[in-house]
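Visitor: Sharing a structure, written as structure tokens. Questions coming.
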Amino acid sequence: MNRIGYCTGTTSPNRVTFQSQYPVRLGQFVNLKYTENGKDNILLGMVINVQRKNTYIPQELPNLTHIDRIFQESIKDTKVVGEIQILGEIIETDNEVFLQMQRVPPLPAAEVLKPNPETLKKLFGAKSKNHVRIGRLLAEEEEIPVYVDVNQIVLRHLAILAITGAGKSNTVSVILENIVNLKGTVVVFDFHGEYVKAEFKRDGKNVVNVIKPVVDPTTLDIRDFAKLIGIQHNATVQFRYFKVALDNVLKGIKEEKGLEWKRWVGTDEFFFRLKNELESWLDDENDNVPIKGKIREDSLYEVINKIDDTLDELSHIIKVGAKDLIENIEPGKINVFDLSEVDEEVADAIVSNILKHALDERKKSVRGKDSKLDYPLLVVVEEAHILAGDKRDTDSKYYIKPRIFKIVVYLV
Ligand SMILES: Nc1ncnc2c1ncn2[C@@H]1O[C@H](COP(=O)(O)OP(=O)(O)OP(=O)(O)O)[C@@H](O)[C@H]1O
Ligand SMILES: [Mg+2]
């Protein structure tokens, strides 16, 4: 007999309560079966909450003297109650099995049954050659492999949500392994250096391409450049000083060295010139201060300090003349941008810049123009709540939102 129990109380299309005499497991799949108007309805559900209780053993007893005897005599009255999340109606035709959204509440007293493992195998199994195995159902006694359609993953956006340590990164690794086997290209933004050490192999060769995010600040959008050195959008005066100084310095350098100035001017000299420009505004004798009105010295010093700090702390990720970050992406590989050594603001500036360029290049490619990215990408954003959290105003969010490339696996 494969009946576990019955639905009890009020039912709804997506959730029911049930009662059973058997120890039902959390996460276990069940069938709900009821007959209405001559039609058998079989639904698939998952046990999401389960409790055991015995009315003879209430929360509090007058004393514990007879508890053993009460328990022995009432053990047969111990019951299991819980909740089932309804996943859909199982539709079985000659050649396929699929779930259809359940719109009507099942009848109260519908039977709760153990599902037929063969039906589960068909539901979670491979339906085409695009399906890849990601694991097995944990709560089932029998081995039920679970397959997902990689095309569905790369054609849509996918968020993998679970509490910490639940296995999100592991799930993504399994998916990536399969995608790389199919010669797909992946970009991972890695905050904890988790993927840097990972080994993904195809035909025996490691296919992980670790990219240290070295950026040329002069190729960044001015706001990203400002953010990189720690000037926030809302620090209006600082931002203004920084912008004017940057424009002036770039203009001066180009006049002096020509358009190929990066061949002669290195990172240190560039920032040195930027600092000099700002410091020159403090000189009372300087008649060429490009800012109208009185200079606010505190804001000016703030900007100068930030430039100093940038050179001290970020010299490993900032380099005038560094090649465009997306040029480091290699097709058919897992390209890991290692963000483990930068803080969240800097990571936002880097990620938004990469996504913006990648999007531009993909658009060009799709329109048949010359492009640095002539192949689709799957982008994995680890710790997506940092870059795309609901309450955060980040630049990356604009690109992570479901508008870009086909792709994006968010991990929260
Ligand atoms: N399917 C699995 N079987 C066995 N162990 C697993 C499985 N998935 C994950 N683990 C182990 O559980 C631990 C946590 O996994 P993982 O790092 O994938 O979790 P996470 O959800 O990404 O966590 P975090 O929120 O901290 O990033 C790791 O030690 C991993 O090896
Ligand atoms: Mg993780």
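Numbering starts fresh at 1 for the residues of each chain in the structure tokens, the chains themselves are lettered A, B, ... in the order given, and ligands are numbered from 1 as they appear.
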Determine, for each residue of chain A having at least one atom at most 8 Å from an atom of ligand 2, the closest pair of atoms and their separation in Å to one decimal, counting only C-alpha atoms and all ligand atoms; order by chain and ascending number, as a Markdown table.

Guide:
```
| residue | atom | partner | partner_atom_place_in_ligand_line | distance |
| --- | --- | --- | --- | --- |
| A:Thr164 | CA | ligand 2 | 1 (Mg) | 7.1 |
| A:Gly165 | CA | ligand 2 | 1 (Mg) | 6.8 |
| A:Gly167 | CA | ligand 2 | 1 (Mg) | 6.8 |
| A:Lys168 | CA | ligand 2 | 1 (Mg) | 5.5 |
| A:Ser169 | CA | ligand 2 | 1 (Mg) | 4.2 |
| A:Asn170 | CA | ligand 2 | 1 (Mg) | 7.3 |
| A:Glu194 | CA | ligand 2 | 1 (Mg) | 7.9 |
| A:Glu382 | CA | ligand 2 | 1 (Mg) | 7.0 |
| A:Glu383 | CA | ligand 2 | 1 (Mg) | 7.4 |
| A:Leu411 | CA | ligand 2 | 1 (Mg) | 7.4 |
| A:Val412 | CA | ligand 2 | 1 (Mg) | 7.8 |
```

Visitor: Could you give me, as a list in words, the residues within 6 Å of region 36-53 of chain A, counting only C-alpha atoms and dropping anything in the same chain fewer than 2 positions from it?

Guide: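 What passes the distance filter is Leu26, Gly27, Gln28, Phe29, Val30, Asn31, Leu32, Lys33, Tyr34, Thr78, Lys79, Val80, Val81, Gly82, Glu83, Ile84, Gln85, Ile86, Leu87, Gly88, Glu89 and Ile90 of chain A.
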
Visitor: Kindly export the residues of the current selection with N, CA and C atoms, as a PDB file, in the first residue's frame.

Guide:
```
ATOM      1  N   LEU A  26      10.886  15.316   5.661  1.00  0.00           N
ATOM      2  CA  LEU A  26      10.935  16.669   5.097  1.00  0.00           C
ATOM      3  C   LEU A  26      11.611  16.603   3.723  1.00  0.00           C
ATOM      4  N   GLY A  27      11.032  17.283   2.756  1.00  0.00           N
ATOM      5  CA  GLY A  27      11.639  17.289   1.423  1.00  0.00           C
ATOM      6  C   GLY A  27      11.196  16.122   0.555  1.00  0.00           C
ATOM      7  N   GLN A  28      10.430  15.205   1.132  1.00  0.00           N
ATOM      8  CA  GLN A  28       9.966  14.030   0.383  1.00  0.00           C
ATOM      9  C   GLN A  28       8.922  14.447  -0.662  1.00  0.00           C
ATOM     10  N   PHE A  29       8.971  13.805  -1.816  1.00  0.00           N
ATOM     11  CA  PHE A  29       7.943  14.064  -2.826  1.00  0.00           C
ATOM     12  C   PHE A  29       6.743  13.172  -2.566  1.00  0.00           C
ATOM     13  N   VAL A  30       5.548  13.702  -2.794  1.00  0.00           N
ATOM     14  CA  VAL A  30       4.328  12.917  -2.606  1.00  0.00           C
ATOM     15  C   VAL A  30       3.367  13.178  -3.765  1.00  0.00           C
ATOM     16  N   ASN A  31       2.429  12.260  -3.925  1.00  0.00           N
ATOM     17  CA  ASN A  31       1.323  12.494  -4.861  1.00  0.00           C
ATOM     18  C   ASN A  31       0.071  12.799  -4.055  1.00  0.00           C
ATOM     19  N   LEU A  32      -0.758  13.673  -4.582  1.00  0.00           N
ATOM     20  CA  LEU A  32      -2.087  13.877  -4.006  1.00  0.00           C
ATOM     21  C   LEU A  32      -3.054  13.347  -5.050  1.00  0.00           C
ATOM     22  N   LYS A  33      -3.996  12.539  -4.593  1.00  0.00           N
ATOM     23  CA  LYS A  33      -4.913  11.951  -5.578  1.00  0.00           C
ATOM     24  C   LYS A  33      -6.348  12.160  -5.126  1.00  0.00           C
ATOM     25  N   TYR A  34      -7.160  12.672  -6.038  1.00  0.00           N
ATOM     26  CA  TYR A  34      -8.582  12.772  -5.736  1.00  0.00           C
ATOM     27  C   TYR A  34      -9.366  12.639  -7.038  1.00  0.00           C
ATOM     28  N   THR A  78      -0.057   8.316  18.104  1.00  0.00           N
ATOM     29  CA  THR A  78       0.872   9.360  17.628  1.00  0.00           C
ATOM     30  C   THR A  78       0.619   9.592  16.148  1.00  0.00           C
ATOM     31  N   LYS A  79       0.467  10.833  15.794  1.00  0.00           N
ATOM     32  CA  LYS A  79       0.218  11.092  14.377  1.00  0.00           C
ATOM     33  C   LYS A  79       1.211  12.104  13.826  1.00  0.00           C
ATOM     34  N   VAL A  80       1.267  12.081  12.511  1.00  0.00           N
ATOM     35  CA  VAL A  80       2.170  12.991  11.812  1.00  0.00           C
ATOM     36  C   VAL A  80       1.293  14.010  11.093  1.00  0.00           C
ATOM     37  N   VAL A  81       1.580  15.307  11.292  1.00  0.00           N
ATOM     38  CA  VAL A  81       0.857  16.331  10.530  1.00  0.00           C
ATOM     39  C   VAL A  81       1.896  17.199   9.849  1.00  0.00           C
ATOM     40  N   GLY A  82       1.501  17.841   8.778  1.00  0.00           N
ATOM     41  CA  GLY A  82       2.486  18.675   8.092  1.00  0.00           C
ATOM     42  C   GLY A  82       1.862  19.423   6.926  1.00  0.00           C
ATOM     43  N   GLU A  83       2.751  20.021   6.142  1.00  0.00           N
ATOM     44  CA  GLU A  83       2.301  20.814   4.998  1.00  0.00           C
ATOM     45  C   GLU A  83       2.951  20.294   3.728  1.00  0.00           C
ATOM     46  N   ILE A  84       2.195  20.361   2.663  1.00  0.00           N
ATOM     47  CA  ILE A  84       2.714  19.947   1.355  1.00  0.00           C
ATOM     48  C   ILE A  84       2.616  21.123   0.395  1.00  0.00           C
ATOM     49  N   GLN A  85       3.706  21.413  -0.264  1.00  0.00           N
ATOM     50  CA  GLN A  85       3.698  22.436  -1.319  1.00  0.00           C
ATOM     51  C   GLN A  85       3.327  21.720  -2.613  1.00  0.00           C
ATOM     52  N   ILE A  86       2.276  22.182  -3.272  1.00  0.00           N
ATOM     53  CA  ILE A  86       1.864  21.516  -4.521  1.00  0.00           C
ATOM     54  C   ILE A  86       2.681  22.084  -5.681  1.00  0.00           C
ATOM     55  N   LEU A  87       3.313  21.209  -6.440  1.00  0.00           N
ATOM     56  CA  LEU A  87       4.173  21.667  -7.539  1.00  0.00           C
ATOM     57  C   LEU A  87       3.439  21.677  -8.881  1.00  0.00           C
ATOM     58  N   GLY A  88       2.363  20.878  -8.972  1.00  0.00           N
ATOM     59  CA  GLY A  88       1.591  20.894 -10.218  1.00  0.00           C
ATOM     60  C   GLY A  88       0.873  19.572 -10.428  1.00  0.00           C
ATOM     61  N   GLU A  89       0.062  19.567 -11.471  1.00  0.00           N
ATOM     62  CA  GLU A  89      -0.644  18.325 -11.809  1.00  0.00           C
ATOM     63  C   GLU A  89       0.228  17.509 -12.749  1.00  0.00           C
ATOM     64  N   ILE A  90       0.317  16.213 -12.484  1.00  0.00           N
ATOM     65  CA  ILE A  90       1.130  15.367 -13.355  1.00  0.00           C
ATOM     66  C   ILE A  90       0.304  14.966 -14.567  1.00  0.00           C
TER      67      ILE A  90
END
```

Visitor: Based on the backbone DSSP call, show me all residues of region 58-272 of chain A assigned strand (DSSP E or B), as a count of residues only.

Guide: 50

Visitor: Mind checking which residues fall within 12 Å of Val289 (chain A), counting only C-alpha atoms, ignoring those fewer than 4 positions away in the same chain, and posting them as a list in words?

Guide: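 Everything that qualifies: Tyr241, Val244, Ala245, Asn248, Glu277, Leu278, Glu279, Ser280, Trp281, Leu282, Asp283, Asp284, Glu285, Gly293, Lys294 and Ile295 of chain A.
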
Visitor: For Pro105 (chain A), which residue among A:Arg15, A:Arg136, A:His357, A:Lys127 is the nearest when counting only C-alpha atoms?

Guide: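 Checking each of A:Arg15, A:Arg136, A:His357, A:Lys127 against Pro105 (chain A), counting only C-alpha atoms, the winner is A:Arg15.
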
Visitor: Give the answer as one residue: which of A:Lys262, A:Arg240, A:His192, A:Lys76 has the shortest atom-to-atom distance to ligand 1, using only C-alpha atoms and all ligand atoms?

Guide: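 Between A:Lys262, A:Arg240, A:His192, A:Lys76, the residue approaching ligand 1 most closely is A:His192.
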
Visitor: Nearest to ligand 1: which of A:Val172, A:Arg133, A:Asp312, A:Asp370 is it, counting only C-alpha atoms and all ligand atoms?

Guide: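 Once distances to ligand 1 are computed over only C-alpha atoms and all ligand atoms, the minimum belongs to A:Val172.
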
Visitor: With distances taken over only C-alpha atoms, which of A:Ile350, A:Ile211, A:Ile329, A:Ile318 is nearest to Pro376 (chain A)?

Guide: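 For Pro376 (chain A), the nearest of the candidates is A:Ile329.
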
Visitor: When DSSP is applied to the backbone of this structure, which of region 23-141 of chain A are assigned alpha helix (DSSP H)? Write them out as a list of chain:residue names.

Guide: A:Ile67, A:Asp68, A:Arg69, A:Ile70, A:Phe71, A:Gln72, A:Glu73, A:Ser74, A:Pro117, A:Glu118, A:Thr119, A:Leu120, A:Lys121, A:Lys122, A:Leu123, A:Phe124

Visitor: Which neighbours of region 107-112 of chain A fall inside 9 Å, counting only C-alpha atoms, when residues of the same chain fewer than 3 positions from it are skipped, and could you give them as a PDB file with C-alpha atoms, in the first residue's frame?

Guide:
```pdb
ATOM      1  CA  ASN A   2       1.564   3.274  -0.971  1.00  0.00           C
ATOM      2  CA  ARG A   3      -0.879   5.570   0.817  1.00  0.00           C
ATOM      3  CA  ILE A   4       0.834   7.802   3.358  1.00  0.00           C
ATOM      4  CA  GLY A   5      -2.143   9.806   4.611  1.00  0.00           C
ATOM      5  CA  TYR A   6      -4.847  12.312   3.748  1.00  0.00           C
ATOM      6  CA  CYS A   7      -5.184  16.043   3.187  1.00  0.00           C
ATOM      7  CA  THR A   8      -6.960  17.697   6.083  1.00  0.00           C
ATOM      8  CA  GLY A   9      -8.550  21.070   6.653  1.00  0.00           C
ATOM      9  CA  THR A  10      -8.816  23.778   4.045  1.00  0.00           C
ATOM     10  CA  THR A  11      -6.860  23.245   0.830  1.00  0.00           C
ATOM     11  CA  VAL A  16      -2.334  21.721   1.742  1.00  0.00           C
ATOM     12  CA  PHE A  18      -2.037  16.588   5.754  1.00  0.00           C
ATOM     13  CA  GLN A  19      -2.186  13.953   8.417  1.00  0.00           C
ATOM     14  CA  SER A  20      -0.454  10.601   8.437  1.00  0.00           C
ATOM     15  CA  VAL A  30       4.328  12.917  -2.606  1.00  0.00           C
ATOM     16  CA  ASN A  31       1.323  12.494  -4.861  1.00  0.00           C
ATOM     17  CA  LEU A  32      -2.087  13.877  -4.006  1.00  0.00           C
ATOM     18  CA  LYS A  33      -4.913  11.951  -5.578  1.00  0.00           C
ATOM     19  CA  TYR A  34      -8.582  12.772  -5.736  1.00  0.00           C
ATOM     20  CA  THR A  35     -11.442  12.022  -8.084  1.00  0.00           C
ATOM     21  CA  GLU A  36     -13.804  14.764  -9.154  1.00  0.00           C
ATOM     22  CA  VAL A 104      -7.968  24.589  -8.296  1.00  0.00           C
TER      23      VAL A 104
END
```

Visitor: Fewer than 3 positions away in the same chain doesn't count, so skip those; otherwise give me all residues within 12 Å of Thr236 (chain A), counting only C-alpha atoms, as an MDAnalysis selection string.

Guide: chainID A and resid 223 226 231:233 239:243 296 299:300 303

Visitor: Would you mind telling me which residue in A:Gly368, A:Pro106, A:Gly258, A:Pro62 lies nearest to Pro13 (chain A) when using only C-alpha atoms?

Guide: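 Selected residue with least distance to Pro13 (chain A): A:Pro106.
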
Visitor: Pick out the closest residue to Asp395 (chain A) from this set: A:Asp298, A:Asp374, A:Asp309, A:Glu345. Count only C-alpha atoms.

Guide: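 Closest to Asp395 (chain A), using only C-alpha atoms: A:Glu345.
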
Visitor: Have a look at CA of Asp224 (chain A) and CA of Ala159 (chain A) and let me know their distance in Å, one decimal.

Guide: 26.3 Å

Visitor: What's around Ile307 (chain A) at 8 Å? Count only C-alpha atoms, leave out sequence neighbours fewer than 2 positions away in its own chain, and write the answer as a PyMOL selection string.

Guide: chain A and resi 229+271+275+303-305+309-311

Visitor: Those same residues - N, CA and C atoms - I'd like them written as a short mmCIF file (atom, residue, chain, number, x, y, z; two decimals), in the first residue's frame.

Guide:
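Writing the result to part22.cif gives the following:
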```
data_model
loop_
_atom_site.label_atom_id
_atom_site.label_comp_id
_atom_site.auth_asym_id
_atom_site.auth_seq_id
_atom_site.Cartn_x
_atom_site.Cartn_y
_atom_site.Cartn_z
N ILE A 229 38.23 55.29 -7.18
CA ILE A 229 39.15 55.91 -6.21
C ILE A 229 38.41 56.36 -4.95
N PHE A 271 48.92 59.66 -12.37
CA PHE A 271 48.31 60.09 -11.10
C PHE A 271 49.08 61.26 -10.47
N LYS A 275 47.39 64.76 -9.38
CA LYS A 275 47.57 65.34 -8.05
C LYS A 275 48.15 66.76 -8.16
N VAL A 303 39.99 64.82 -2.24
CA VAL A 303 40.27 64.20 -3.54
C VAL A 303 41.75 63.83 -3.64
N ILE A 304 42.60 64.77 -3.18
CA ILE A 304 44.05 64.50 -3.24
C ILE A 304 44.38 63.27 -2.39
N ASN A 305 43.80 63.19 -1.21
CA ASN A 305 44.05 62.03 -0.34
C ASN A 305 43.58 60.73 -0.99
N ASP A 309 45.68 57.41 -1.64
CA ASP A 309 45.25 56.09 -1.15
C ASP A 309 45.15 55.09 -2.29
N THR A 310 44.63 55.57 -3.42
CA THR A 310 44.46 54.69 -4.58
C THR A 310 45.81 54.12 -4.99
N LEU A 311 46.81 54.99 -5.05
CA LEU A 311 48.13 54.52 -5.45
C LEU A 311 48.70 53.54 -4.44
#
```

Visitor: Find the residues near Asp77 (chain A): any atom within 8 Å, counting only C-alpha atoms, skip ones fewer than 3 places away on the same chain, and give them as a ChimeraX atom specification.

Guide: /A:54-55,74

Visitor: What's the separation between CA of Phe225 (chain A) and CA of Gly266 (chain A), in Å to one decimal place?

Guide: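 Going from CA of Phe225 (chain A) over to CA of Gly266 (chain A), I get 16.7 Å.
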